[in-house]
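Here is the file data39.txt (compact mmCIF, C-alpha atoms).
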# COMPACT_ATOMS: atom_id res chain seq x y z
CA PHE A 1 49.85 56.75 153.33
CA GLY A 2 49.94 54.33 156.24
CA PHE A 3 51.47 51.14 157.53
CA SER A 4 50.85 48.52 160.21
CA LEU A 5 53.46 46.09 161.55
CA ASN A 6 53.18 43.09 163.84
CA PRO A 7 56.75 42.31 164.91
CA GLY A 8 55.60 39.52 167.22
CA LEU A 9 54.97 38.97 170.92
CA ASP A 10 51.62 40.75 170.50
CA TRP A 11 53.22 44.08 169.61
CA THR A 12 51.65 46.36 166.98
CA VAL A 13 53.21 49.41 165.33
CA LYS A 14 51.12 51.70 163.12
CA GLY A 15 51.77 54.97 161.37
CA ASN A 16 50.25 57.22 158.75
CA LEU A 17 50.77 60.40 156.80
CA ALA A 18 47.69 62.28 155.65
CA VAL A 19 47.27 65.46 153.62
CA GLY A 20 43.91 67.19 153.75
CA TYR A 21 42.23 69.94 151.73
CA ARG A 22 38.65 71.20 152.12
CA ASN A 23 36.68 74.04 150.62
CA PRO A 24 34.25 75.84 152.95
CA SER A 25 30.70 74.50 152.72
CA PHE A 26 27.69 76.47 151.53
CA ARG A 27 26.43 76.54 155.12
CA GLU A 28 29.68 78.03 156.42
CA LEU A 29 29.73 80.62 153.64
CA TYR A 30 26.14 81.80 153.48
CA LEU A 31 23.77 80.27 156.06
CA TYR A 32 22.86 81.46 159.55
CA ARG A 33 24.41 84.22 161.60
CA MET A 34 27.86 82.51 161.65
CA ALA A 35 28.18 82.69 157.84
CA ASN A 36 31.31 84.23 156.36
CA PRO A 37 31.59 84.50 152.53
CA ASP A 38 35.31 85.34 152.79
CA LEU A 39 36.41 81.95 154.16
CA GLN A 40 39.48 80.31 152.62
CA PRO A 41 39.98 76.53 152.05
CA GLU A 42 41.47 74.45 154.86
CA LYS A 43 44.80 72.68 154.36
CA MET A 44 46.56 70.31 156.75
CA THR A 45 49.31 67.68 156.89
CA ASN A 46 49.15 65.13 159.70
CA TYR A 47 51.76 62.63 160.94
CA GLU A 48 50.86 59.90 163.42
CA ILE A 49 52.53 56.87 164.92
CA SER A 50 51.30 54.44 167.57
CA VAL A 51 52.69 51.46 169.44
CA GLY A 52 50.47 48.89 171.14
CA LYS A 53 50.96 45.76 173.19
CA ALA A 54 48.52 43.02 174.24
CA PHE A 55 50.03 41.66 177.45
CA SER A 56 47.32 39.03 177.90
CA ARG A 57 43.57 38.63 177.51
CA TYR A 58 43.34 40.71 180.67
CA PHE A 59 45.24 43.83 179.62
CA SER A 60 46.31 45.78 176.52
CA ALA A 61 47.74 49.28 176.08
CA GLU A 62 48.58 51.70 173.28
CA ILE A 63 50.42 55.01 172.98
CA THR A 64 49.97 57.38 170.03
CA GLY A 65 51.86 60.53 169.10
CA TYR A 66 50.85 62.99 166.39
CA TYR A 67 52.01 66.19 164.75
CA SER A 68 49.92 68.39 162.46
CA ASN A 69 50.62 71.59 160.60
CA GLY A 70 48.27 73.53 158.40
CA ARG A 71 46.49 76.75 157.75
CA ASN A 72 43.03 78.23 157.56
CA MET A 73 41.16 75.71 159.69
CA ILE A 74 37.53 76.87 159.80
CA GLN A 75 36.00 77.26 163.24
CA THR A 76 33.29 79.34 164.89
CA VAL A 77 34.72 82.11 167.08
CA ASP A 78 32.44 84.67 168.73
CA GLN A 79 29.43 83.49 166.72
CA LYS A 80 31.20 83.82 163.34
CA ASN A 81 32.99 81.34 161.08
CA GLN A 82 36.66 82.26 160.79
CA ASN A 83 39.93 80.92 159.39
CA THR A 84 42.60 80.30 162.04
CA GLY A 85 45.64 81.12 159.91
CA ARG A 86 48.74 78.93 160.22
CA PHE A 87 48.91 76.50 163.14
CA ILE A 88 50.76 73.53 164.59
CA ASN A 89 49.03 70.91 166.74
CA LYS A 90 50.89 68.11 168.47
CA GLY A 91 50.06 65.73 171.26
CA ILE A 92 49.94 62.29 172.74
CA GLU A 93 47.23 59.75 173.52
CA LEU A 94 47.30 56.85 175.97
CA ALA A 95 44.77 54.02 176.03
CA ALA A 96 44.41 50.89 178.15
CA HIS A 97 41.81 48.12 178.17
CA SER A 98 41.25 45.22 180.53
CA HIS A 99 38.96 42.19 180.48
CA PRO A 100 39.49 40.74 183.97
CA ALA A 101 36.36 38.56 183.89
CA ASP A 102 34.02 37.19 181.26
CA ASN A 103 31.35 39.71 182.23
CA LEU A 104 33.53 42.73 183.03
CA TRP A 105 35.32 45.25 180.78
CA LEU A 106 37.47 48.19 181.90
CA SER A 107 38.91 50.98 179.76
CA ALA A 108 40.84 54.21 180.29
CA THR A 109 42.18 56.87 177.94
CA TYR A 110 44.07 60.13 178.28
CA SER A 111 45.02 62.72 175.66
CA TYR A 112 47.15 65.84 175.72
CA LEU A 113 47.06 68.50 173.00
CA HIS A 114 49.46 71.39 172.48
CA THR A 115 48.48 73.94 169.85
CA SER A 116 50.11 77.10 168.56
CA LEU A 117 46.67 78.74 168.47
CA THR A 118 45.32 80.58 171.49
CA ASN A 119 41.67 80.42 170.36
CA LEU A 120 41.19 76.87 169.07
CA VAL A 121 37.65 75.86 170.05
CA GLY A 122 36.47 72.30 170.62
CA ALA A 123 39.97 71.06 171.45
CA PRO A 124 40.76 70.82 175.20
CA ARG A 125 44.37 70.59 176.34
CA ASN A 126 43.65 67.56 178.53
CA GLN A 127 41.01 64.83 178.37
CA TYR A 128 40.53 61.59 180.23
CA TYR A 129 38.00 58.79 180.26
CA LEU A 130 37.38 55.91 182.69
CA GLY A 131 34.78 53.32 181.74
CA VAL A 132 33.32 50.18 183.25
CA GLN A 133 30.95 47.74 181.56
CA TRP A 134 29.51 44.93 183.66
CA LYS A 135 27.05 42.19 182.73
CA PRO A 136 25.96 40.55 186.00
CA TRP A 137 23.31 38.49 184.17
CA ASP A 138 22.67 37.78 180.50
CA PHE A 139 19.71 40.18 180.48
CA LEU A 140 21.28 43.11 182.38
CA HIS A 141 24.02 45.52 181.28
CA VAL A 142 25.54 48.14 183.60
CA ASP A 143 27.68 50.90 182.07
CA ALA A 144 29.41 53.65 184.05
CA ASP A 145 31.90 56.24 182.86
CA LEU A 146 33.75 59.33 184.02
CA LYS A 147 34.76 61.88 181.38
CA GLY A 148 37.06 64.77 182.24
CA VAL A 149 38.06 67.85 180.25
CA GLY A 150 40.65 70.49 181.11
CA GLY A 151 41.70 73.68 179.38
CA LEU A 152 38.81 73.94 176.91
CA TYR A 153 38.77 77.31 175.11
CA VAL A 154 35.27 78.73 174.50
CA ALA A 155 35.70 82.48 173.99
CA ALA A 156 38.06 85.30 174.93
CA ASP A 157 35.76 86.57 177.70
CA ILE A 158 35.04 83.11 179.18
CA LYS A 159 37.39 81.27 181.48
CA ASN A 160 38.80 78.04 180.05
CA GLN A 161 36.49 75.21 181.03
CA ASN A 162 37.49 72.37 183.36
CA TYR A 163 34.88 69.77 184.27
CA ALA A 164 34.15 66.08 184.85
CA LEU A 165 30.98 64.18 183.92
CA LEU A 166 29.84 61.03 185.72
CA ASN A 167 27.28 58.90 183.85
CA LEU A 168 25.47 55.63 184.55
CA LYS A 169 23.35 53.48 182.24
CA LEU A 170 21.31 50.32 182.89
CA THR A 171 19.96 48.18 180.05
CA TRP A 172 17.53 45.28 180.56
CA ASP A 173 17.00 42.88 177.67
CA VAL A 174 13.35 41.97 178.24
CA CYS A 175 13.33 39.56 175.29
CA ARG A 176 14.90 39.14 171.89
CA TYR A 177 12.78 41.96 170.48
CA LEU A 178 12.77 44.51 173.29
CA SER A 179 15.19 46.14 175.70
CA LEU A 180 14.58 48.84 178.30
CA PHE A 181 17.17 51.40 179.34
CA THR A 182 17.64 54.17 181.86
CA ARG A 183 20.53 56.60 181.95
CA LEU A 184 21.70 59.15 184.51
CA GLU A 185 23.93 61.83 183.01
CA ASN A 186 26.09 64.42 184.74
CA ILE A 187 25.25 62.89 188.10
CA THR A 188 27.40 65.44 189.97
CA ASP A 189 25.51 68.31 188.27
CA ALA A 190 28.71 69.88 186.89
CA ARG A 191 28.25 73.35 185.36
CA TYR A 192 30.17 74.04 182.15
CA THR A 193 29.91 75.64 178.71
CA ILE A 194 31.08 74.34 175.34
CA ASN A 195 29.48 76.90 173.02
CA ARG A 196 29.37 80.53 174.07
CA GLY A 197 25.92 81.50 175.29
CA TYR A 198 24.69 77.91 175.68
CA PRO A 199 25.34 76.43 179.14
CA MET A 200 25.19 72.64 179.15
CA PRO A 201 22.48 70.77 181.09
CA GLY A 202 23.02 69.75 184.69
CA PHE A 203 21.88 66.40 186.09
CA THR A 204 19.63 64.63 183.58
CA ALA A 205 17.78 61.30 183.63
CA LEU A 206 16.52 59.43 180.60
CA ALA A 207 14.47 56.25 180.15
CA GLY A 208 13.11 54.44 177.13
CA PHE A 209 12.97 51.25 175.13
CA ASN A 210 14.53 49.79 172.00
CA PRO A 211 12.53 47.41 169.81
CA THR A 212 15.38 45.37 168.34
CA SER A 213 16.50 41.82 167.72
CA ASP A 214 20.15 42.67 167.19
CA LEU A 215 21.45 44.11 170.45
CA LEU A 216 25.02 45.35 170.47
CA PRO A 217 27.54 43.30 172.52
CA PRO A 218 28.83 44.99 175.68
CA TYR A 219 32.38 45.55 174.51
CA PRO A 220 34.17 48.81 175.33
CA THR A 221 34.81 51.24 172.52
CA GLU A 222 37.96 53.32 172.64
CA LEU A 223 37.14 56.90 173.45
CA ARG A 224 39.24 59.58 171.81
CA ARG A 225 38.85 63.28 171.11
CA SER A 226 36.17 62.68 168.47
CA ASP A 227 33.88 61.13 171.10
CA PHE A 228 33.71 64.47 172.86
CA PHE A 229 33.68 66.78 169.87
CA THR A 230 32.82 66.78 166.21
CA THR A 231 36.02 68.72 165.53
CA ASP A 232 39.28 66.79 165.41
CA ALA A 233 41.97 69.30 166.33
CA ARG A 234 44.42 67.64 163.97
CA LYS A 235 42.34 67.27 160.82
CA PRO A 236 40.09 69.50 158.69
CA SER A 237 36.47 68.73 159.51
CA GLU A 238 33.22 69.41 157.71
CA LYS A 239 31.58 70.11 161.06
CA GLN A 240 33.09 72.61 163.43
CA THR A 241 30.23 72.71 165.96
CA VAL A 242 30.88 71.11 169.32
CA ILE A 243 28.24 68.64 170.44
CA SER A 244 27.12 67.71 173.91
CA PRO A 245 29.04 64.82 175.48
CA SER A 246 25.75 63.68 176.98
CA ALA A 247 24.11 63.66 173.57
CA ALA A 248 27.05 61.88 171.96
CA SER A 249 27.19 59.26 174.67
CA LEU A 250 23.72 57.86 173.97
CA GLY A 251 24.94 55.96 170.92
CA GLU A 252 23.10 54.14 168.15
CA ARG A 253 21.12 51.85 170.44
CA ASP A 254 19.37 54.69 172.22
CA ALA A 255 18.88 56.59 168.98
CA ALA A 256 16.57 53.78 167.90
CA ALA A 257 14.25 54.19 170.87
CA CYS A 258 10.63 54.70 169.91
CA ALA A 259 9.77 56.49 173.12
CA SER A 260 11.71 57.94 176.02
CA ILE A 261 11.11 60.18 179.01
CA GLY A 262 13.36 62.41 181.03
CA PHE A 263 13.58 64.68 184.02
CA ALA A 264 16.19 67.06 185.37
CA ASN A 265 17.41 68.51 188.63
CA PRO A 266 14.62 70.89 189.74
CA PHE A 267 17.30 73.36 190.87
CA SER A 268 18.84 73.37 187.40
CA ARG A 269 17.79 75.80 184.70
CA HIS A 270 17.71 73.02 182.13
CA PHE A 271 15.13 70.32 181.42
CA LEU A 272 15.54 67.57 178.85
CA PHE A 273 12.62 65.66 177.34
CA THR A 274 13.10 63.38 174.34

Take the structure from the file and write it as structure tokens.
Amino acid sequence: FGFSLNPGLDWTVKGNLAVGYRNPSFRELYLYRMANPDLQPEKMTNYEISVGKAFSRYFSAEITGYYSNGRNMIQTVDQKNQNTGRFINKGIELAAHSHPADNLWLSATYSYLHTSLTNLVGAPRNQYYLGVQWKPWDFLHVDADLKGVGGLYVAADIKNQNYALLNLKLTWDVCRYLSLFTRLENITDARYTINRGYPMPGFTALAGFNPTSDLLPPYPTELRRSDFFTTDARKPSEKQTVISPSAASLGERDAAACASIGFANPFSRHFLFT
């Protein structure tokens, strides 16, 4: 159940109530080393309300609050799928967007999560995002972003992770049918872990091309928890595996690349070639 109101003066009020139920998948029950045939179905009730205001074409902002209660969320803890038992998640999200010039877009988000669980994976206590998209010429797109995570639980014997990732992407539209791109990820070479036993890559560089005639417009997309993780801390999810922010950040345009090359910091233990 949901509603959306526009009381005037560019204000927007939205709210919803959602009830979720999910049986464990065959993969979670029987496949791979994380399998657990004793898993119970997930159940959750989620309440959410948000208030937004467009102050002008140059600036808009939104605040969202949520409260969730449920039981038996399925997550991978210490290399095994487990039910979490009863839990309560509640938090707040802030988002702001600005369009100060015809060729410039700015965006910022922040989210805070409080959970009754002490071992909820894939759900950091704090997250922030700062993004800039600039189009100096019709054929060139410049995208830069800073993504920060604080208080991310990984495992009982691993310190909660706190890190920031700085990324830069350049896209050159050679013609209607072809664009070239290069992307620098984790420029500061931050060291962090999302899944136990799998340290994330350090500084990585990618380059490639997209044969396309329908290039996406350079308009900022709101970044929320789901952009960092496949698991939404508030809602039952089919996937409970955390994905790499660098992998998620490539987007559909780069996924269509026919060829790409990459190199990594020679002092890093990781090398990425796609």

For region 11-65 of chain A versus region 87-110 of chain A, which residues have an atom no more than 9 Å away, and what is each residue's nearest atom pair and distance in Å rounded to one decimal, using only C-alpha atoms, chain-then-number order, as CSV?
residue,atom,partner,partner_atom,distance
A:Ser50,CA,A:Glu93,CA,9.0
A:Arg57,CA,A:His99,CA,6.5
A:Tyr58,CA,A:His99,CA,4.6
A:Phe59,CA,A:Ser98,CA,4.3
A:Ser60,CA,A:His97,CA,5.3
A:Ala61,CA,A:Ala96,CA,4.2
A:Glu62,CA,A:Ala95,CA,5.2
A:Ile63,CA,A:Leu94,CA,4.7
A:Thr64,CA,A:Glu93,CA,5.0
A:Gly65,CA,A:Ile92,CA,4.5

If you count only C-alpha atoms, which residues fall within 10 Å of Val154 (chain A), apart from same-chain ones fewer than 3 positions away, as a list in words?
Thr76, Val77, Asp78, Asn119, Leu120, Val121, Gly122, Ala123, Pro124, Gly151, Asp157, Ile158, Lys159, Asn160, Gln161, Thr193, Ile194, Asn195, Arg196 and Gly197 of chain A

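Among the candidates A:Tyr21, A:Arg27, A:Met34, A:Gln82, the one nearest to Gly70 (chain A) when counting only C-alpha atoms is A:Tyr21.
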
Polymer residues at most 9 Å from Asn186 (chain A), all atoms listed in the file, same-chain spacing of 3 or more positions, as a PDB file with C-alpha atoms, in the frame of the given file:
ATOM      1  CA  ALA A 164      34.150  66.080 184.850  1.00  0.00           C
ATOM      2  CA  LEU A 165      30.980  64.180 183.920  1.00  0.00           C
ATOM      3  CA  LEU A 166      29.840  61.030 185.720  1.00  0.00           C
ATOM      4  CA  ASN A 167      27.280  58.900 183.850  1.00  0.00           C
ATOM      5  CA  LEU A 168      25.470  55.630 184.550  1.00  0.00           C
ATOM      6  CA  ASP A 189      25.510  68.310 188.270  1.00  0.00           C
ATOM      7  CA  ALA A 190      28.710  69.880 186.890  1.00  0.00           C
ATOM      8  CA  PRO A 201      22.480  70.770 181.090  1.00  0.00           C
ATOM      9  CA  GLY A 202      23.020  69.750 184.690  1.00  0.00           C
ATOM     10  CA  PHE A 203      21.880  66.400 186.090  1.00  0.00           C
ATOM     11  CA  THR A 204      19.630  64.630 183.580  1.00  0.00           C
ATOM     12  CA  ALA A 205      17.780  61.300 183.630  1.00  0.00           C
ATOM     13  CA  SER A 246      25.750  63.680 176.980  1.00  0.00           C
TER      14      SER A 246
END

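Atom pair CA of Val19 (chain A) / CA of Arg125 (chain A) has a distance of 23.5 Å (rounded to one decimal).
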
Taking all atoms listed in the file into account, name the residue in A:Asn126, A:Asp173, A:Ser68, A:Thr188 that is nearest to Leu146 (chain A).
A:Thr188

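Residue nearest Lys135 (chain A), chosen from A:Phe3, A:Trp172, A:Tyr32, A:Tyr47 and counting only C-alpha atoms: A:Trp172.
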
When you draw a straight line from CA of Ala207 (chain A) to CA of Gln133 (chain A), how long is it in Å?
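Rounded to one decimal, the two atoms are 18.6 Å apart.
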
In Å, rounded to a single decimal, give me how far CA of Val149 (chain A) is from CA of Leu130 (chain A).
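Pair CA of Leu130 (chain A) / CA of Val149 (chain A) returns 12.2 Å.
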
Selection near Gln40 (chain A), 8 Å with only C-alpha atoms, sequence-local residues under 6 positions removed, as a list in words
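Non-adjacent residues within range: Asn23, Pro24, Asn72 and Asn83 of chain A.
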
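Counting all atoms listed in the file, the residue from A:Leu206, A:Met44, A:Leu170, A:Ile49 that sits nearest to Gly2 (chain A) is A:Ile49.
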
Could you tell me which of A:Arg33, A:Gly20, A:Ser111, A:Phe55 comes closest to Met73 (chain A) if we count all atoms listed in the file?
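Answer, going by the shortest atom-to-atom distance: A:Gly20.
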
Give the answer as one residue: which of A:Cys175, A:Leu152, A:Leu113, A:Ile74 has the shortest atom-to-atom distance to Asn36 (chain A), using all atoms listed in the file?
A:Ile74

Could you put an axis-aligned box around every listed atom of region 195-208 of chain A, padded by 6 Å on each side, and send me its centre and edge lengths in Å to one decimal, as JSON?
{"center_x": 21.3, "center_y": 68.0, "center_z": 179.6, "size_x": 28.4, "size_y": 39.1, "size_z": 25.1}

Near Pro211 (chain A), within 7 Å and counting all atoms listed in the file, which residues show up once chain neighbours fewer than 4 positions away are dropped, as a PyMOL selection string?
chain A and resi 177-179

Those same residues - C-alpha atoms - I'd like them written as a PDB file, in the frame of the given file.
ATOM      1  CA  TYR A 177      12.780  41.960 170.480  1.00  0.00           C
ATOM      2  CA  LEU A 178      12.770  44.510 173.290  1.00  0.00           C
ATOM      3  CA  SER A 179      15.190  46.140 175.700  1.00  0.00           C
TER       4      SER A 179
END
